Amino acid sequence: MLELKSITWKNFLSYGDYETTLELAGLGQCLITGEVIESGESNVEVRRSNGAGKSTIPNVIQWVLFGRTMHSRSPGNNVVNYHTGRDCWARLDFKNGDSITRTRNTDGHNELIYYKDGDERRMNADTLATAALQQQQLNKDFGLDWELFCGSVFFNQYGKPWMEMADGARKKAIERILHVDRFTYYAQAAKDKCDNLDKIVIKLRSTNESLEAEVTRLTAELERVQSAHDTYESDKTNNVKRLEDDIAADRKKHDEIELPDMAKLKLKWDLVAKIKQLIDDKRRDLNKLTTEVAGKSGEQTSLESRIDLWNKKSGKICTACEQSVDCAHIDTRIDPLKQELETVKERLKELREKVDEAKSSITAAETLLKDKTPDMTMLDAQSKVNEKANIIKNIERLESQKEKIIAAENPHSVTINTLNESIDKAKKRIEATANELVRSELLNKHYSYVHKAYNDRNKIKSYVFKEHVPFINSRLKHYMDTFGLDVKVNLTDSLSVESNMWGYEFESGGERKRTDVAFMLAMFDFHEQMYGRQCNVLVLDEVDGRMDDDGIESLINIIKNDLASRVETVLIISHRNLMFDTFPRELRVTRRDRQSKLEVY
């Protein structure tokens, strides 16, 4: 409910360039009267009540809340005081601290400032479109609805009475109060819910299938790990036994390897190297002697050939001197050659003896080399050393593995616990998802039913009408009885109007007015019963027009007896003398020199 605290305005309609504030607290049932004072002929004051500015008060409320007045849907600059030509503004302050301020500048610029729950919002509008968007936002934030507000808060001489509406228009107006016009929206909302739930159901089923597959996988893994857990000790014993066998085999292999004396072996190989070096030296010497023998053998052959050649020349004619060569001459030539040949032979014999000696020495050295060469090379010996060292390292590694295996706890226990926890969580999720799936499917059926129900508008409208029309009719009867009307009207289940006599259109003007007020108050009560009051203020703007004194007395009784206890502030605008001095408070509006002033009595 809108809890109005005060109303303030400036340069609005007949009010000038000054602030006027109306505090609503404590007003209760308040009559608003007005007087226009003008100077007539001979400066004689002329007084009248019309045009004083009484209706400005409800117009301020409507304009601030909806940007319109009881006179016009789009008043524009008409709300600005024509004589001051200044920007006009008005503000509503609420009891909870919220406020709304609307300004109309003379250049056609609209500004809306409001505070809602401590937050400020400012909006400007220069066109009808932006003004409409501005109003939509305000309606949303404050829950405003023009038809409902005016149908249950304001009753003025400019509004069309319920009974004068065409049947179709009246029916649609009541349907708006009943929110029947929103059935299509409700049906679409239910359809959207169904579509969304369909997606949720599909997703939940897919989730469940995935979770069940996960449980199957985890169960299979658990069985595998459990099997490994159960065979762990036997596998552990087997592994230890295998390692012990490997260690024993390595120890045996280690013990079988005999390491050579590397120092002695090295000395032997050093000796072998020296013998080889000696053989190599002797072979070089032998090669030199052989070469020299070959040379001396060549010299011997050459000398023998030359001696033989000279021997052959004995008794022959010399080709140079053509004389016979005598033996003496030949001997002089051969003797030096023979001496040289003897020398060469002696040297050759000496060399051959040295060759034989060298060969014999080499043969002896080779025999010694063969005797002194060890059966094992240094590389083989080092290989055995390395092999034994590697066997020792492998034994240490196997021993370490064995100790670790012996000391190790069964590692599958933790995995089994983890897998069991994962399976439990997955099963709980499956259960929760299954429950959510059941709930979503039931909810889907519910919204499907709602969708079908709201789609069948005639059926549900009929139900709504039958549910609420009796209350409206009971309140109509109450107010018509209070007004003393013989002609009674009431709503049918289809929201048409029926009468016990000749009907509304044949009533007198005063009877019609009473019927209109009765219908308006019945709808006021209906809205209060359905949603609570729209506002803590009720405005009755000249509802007593065309009523006789009995009708006015009945209206006063209704205000005092039916409305006083339920409505905090009732503003009654009237020109009728019967209304004067009837209510505890009076607001007097005086208009002088084209400017209205407000006073509270």
# chains A, B, ... in the order shown; residues from 1 in each chain; ligands from 1

$ residues_around --residues "A:Glu35" --least-positions-apart "5" --cutoff "6 Å" --atoms "only C-alpha atoms" --output "mmCIF file with N, CA and C atoms, in the first residue's frame"
data_model
loop_
_atom_site.group_PDB
_atom_site.id
_atom_site.type_symbol
_atom_site.label_atom_id
_atom_site.label_comp_id
_atom_site.auth_asym_id
_atom_site.auth_seq_id
_atom_site.Cartn_x
_atom_site.Cartn_y
_atom_site.Cartn_z
ATOM 1 N N ARG A 48 -17.328 33.013 -5.491
ATOM 2 C CA ARG A 48 -17.897 31.791 -6.029
ATOM 3 C C ARG A 48 -16.970 30.630 -5.658
ATOM 4 N N SER A 49 -17.476 29.425 -5.790
ATOM 5 C CA SER A 49 -16.680 28.277 -5.333
ATOM 6 C C SER A 49 -16.003 27.525 -6.473
ATOM 7 N N ALA A 52 -11.707 27.279 -7.691
ATOM 8 C CA ALA A 52 -10.820 27.742 -6.625
ATOM 9 C C ALA A 52 -9.498 26.966 -6.622
ATOM 10 N N THR A 590 -8.538 29.108 -1.225
ATOM 11 C CA THR A 590 -8.989 30.453 -1.611
ATOM 12 C C THR A 590 -8.168 30.902 -2.811
#

$ residues_around --residues "A:Lys241" --least-positions-apart "6" --cutoff "10 Å" --atoms "only C-alpha atoms" --output "ChimeraX atom specification"
/A:235,247,402

$ write_last_selection --atoms "N, CA and C atoms" --output "PDB file, in the first residue's frame"
ATOM      1  N   ASP A 235      51.685 -61.634  -2.665  1.00  0.00           N
ATOM      2  CA  ASP A 235      52.546 -61.017  -3.687  1.00  0.00           C
ATOM      3  C   ASP A 235      53.804 -60.439  -3.042  1.00  0.00           C
ATOM      4  N   ILE A 247      69.449 -62.245  -5.086  1.00  0.00           N
ATOM      5  CA  ILE A 247      70.605 -61.859  -4.259  1.00  0.00           C
ATOM      6  C   ILE A 247      71.553 -63.046  -4.087  1.00  0.00           C
ATOM      7  N   LYS A 402      64.238 -55.131  -1.172  1.00  0.00           N
ATOM      8  CA  LYS A 402      63.679 -56.126  -0.254  1.00  0.00           C
ATOM      9  C   LYS A 402      63.235 -55.466   1.051  1.00  0.00           C
TER      10      LYS A 402
END

$ residues_around --residues "A:Ala389" --least-positions-apart "4" --cutoff "12 Å" --atoms "only C-alpha atoms" --output "PyMOL selection string"
chain A and resi 250-251+253-255+257+259+382-385+393-396

$ write_last_selection --atoms "N, CA, C and O atoms" --output "mmCIF file, in the first residue's frame"
data_model
loop_
_atom_site.group_PDB
_atom_site.id
_atom_site.type_symbol
_atom_site.label_atom_id
_atom_site.label_comp_id
_atom_site.auth_asym_id
_atom_site.auth_seq_id
_atom_site.Cartn_x
_atom_site.Cartn_y
_atom_site.Cartn_z
ATOM 1 N N ASP A 250 73.429 -63.661 -7.274
ATOM 2 C CA ASP A 250 74.486 -62.661 -7.448
ATOM 3 C C ASP A 250 75.654 -62.922 -6.492
ATOM 4 O O ASP A 250 76.832 -62.738 -6.856
ATOM 5 N N ARG A 251 75.342 -63.353 -5.266
ATOM 6 C CA ARG A 251 76.428 -63.643 -4.322
ATOM 7 C C ARG A 251 77.280 -64.823 -4.825
ATOM 8 O O ARG A 251 78.511 -64.806 -4.731
ATOM 9 N N LYS A 253 77.624 -65.776 -7.945
ATOM 10 C CA LYS A 253 78.391 -65.290 -9.091
ATOM 11 C C LYS A 253 79.567 -64.444 -8.596
ATOM 12 O O LYS A 253 80.678 -64.522 -9.149
ATOM 13 N N HIS A 254 79.332 -63.652 -7.572
ATOM 14 C CA HIS A 254 80.383 -62.799 -7.013
ATOM 15 C C HIS A 254 81.518 -63.647 -6.455
ATOM 16 O O HIS A 254 82.721 -63.357 -6.649
ATOM 17 N N ASP A 255 81.141 -64.736 -5.720
ATOM 18 C CA ASP A 255 82.163 -65.573 -5.100
ATOM 19 C C ASP A 255 82.958 -66.352 -6.141
ATOM 20 O O ASP A 255 84.138 -66.711 -5.912
ATOM 21 N N ILE A 257 83.927 -65.342 -9.026
ATOM 22 C CA ILE A 257 84.867 -64.476 -9.761
ATOM 23 C C ILE A 257 86.144 -64.314 -8.949
ATOM 24 O O ILE A 257 86.111 -63.856 -7.802
ATOM 25 N N LEU A 259 89.611 -62.468 -8.668
ATOM 26 C CA LEU A 259 90.255 -61.254 -9.138
ATOM 27 C C LEU A 259 91.763 -61.465 -9.247
ATOM 28 O O LEU A 259 92.398 -62.013 -8.331
ATOM 29 N N GLN A 382 90.425 -55.937 -15.660
ATOM 30 C CA GLN A 382 89.610 -54.797 -15.209
ATOM 31 C C GLN A 382 88.127 -55.082 -15.368
ATOM 32 O O GLN A 382 87.297 -54.691 -14.554
ATOM 33 N N SER A 383 87.813 -55.847 -16.441
ATOM 34 C CA SER A 383 86.415 -56.220 -16.662
ATOM 35 C C SER A 383 85.904 -57.082 -15.521
ATOM 36 O O SER A 383 84.765 -56.924 -15.054
ATOM 37 N N LYS A 384 86.747 -58.024 -15.053
ATOM 38 C CA LYS A 384 86.335 -58.851 -13.926
ATOM 39 C C LYS A 384 86.159 -58.021 -12.653
ATOM 40 O O LYS A 384 85.234 -58.229 -11.873
ATOM 41 N N VAL A 385 87.057 -57.072 -12.462
ATOM 42 C CA VAL A 385 86.932 -56.181 -11.295
ATOM 43 C C VAL A 385 85.619 -55.404 -11.351
ATOM 44 O O VAL A 385 84.874 -55.296 -10.362
ATOM 45 N N LYS A 393 76.968 -53.842 -6.213
ATOM 46 C CA LYS A 393 75.969 -52.773 -6.274
ATOM 47 C C LYS A 393 74.575 -53.342 -6.477
ATOM 48 O O LYS A 393 73.583 -52.889 -5.874
ATOM 49 N N ASN A 394 74.436 -54.312 -7.372
ATOM 50 C CA ASN A 394 73.124 -54.911 -7.643
ATOM 51 C C ASN A 394 72.578 -55.614 -6.402
ATOM 52 O O ASN A 394 71.379 -55.550 -6.108
ATOM 53 N N ILE A 395 73.512 -56.288 -5.660
ATOM 54 C CA ILE A 395 73.091 -56.933 -4.409
ATOM 55 C C ILE A 395 72.569 -55.887 -3.427
ATOM 56 O O ILE A 395 71.528 -56.072 -2.778
ATOM 57 N N GLU A 396 73.268 -54.740 -3.334
ATOM 58 C CA GLU A 396 72.824 -53.653 -2.437
ATOM 59 C C GLU A 396 71.460 -53.119 -2.870
ATOM 60 O O GLU A 396 70.589 -52.836 -2.032
#

$ closest_residue --among "A:Leu271, A:Leu443, A:Leu337, A:Met376" --to "A:Ile307" --atoms "only C-alpha atoms"
A:Leu337
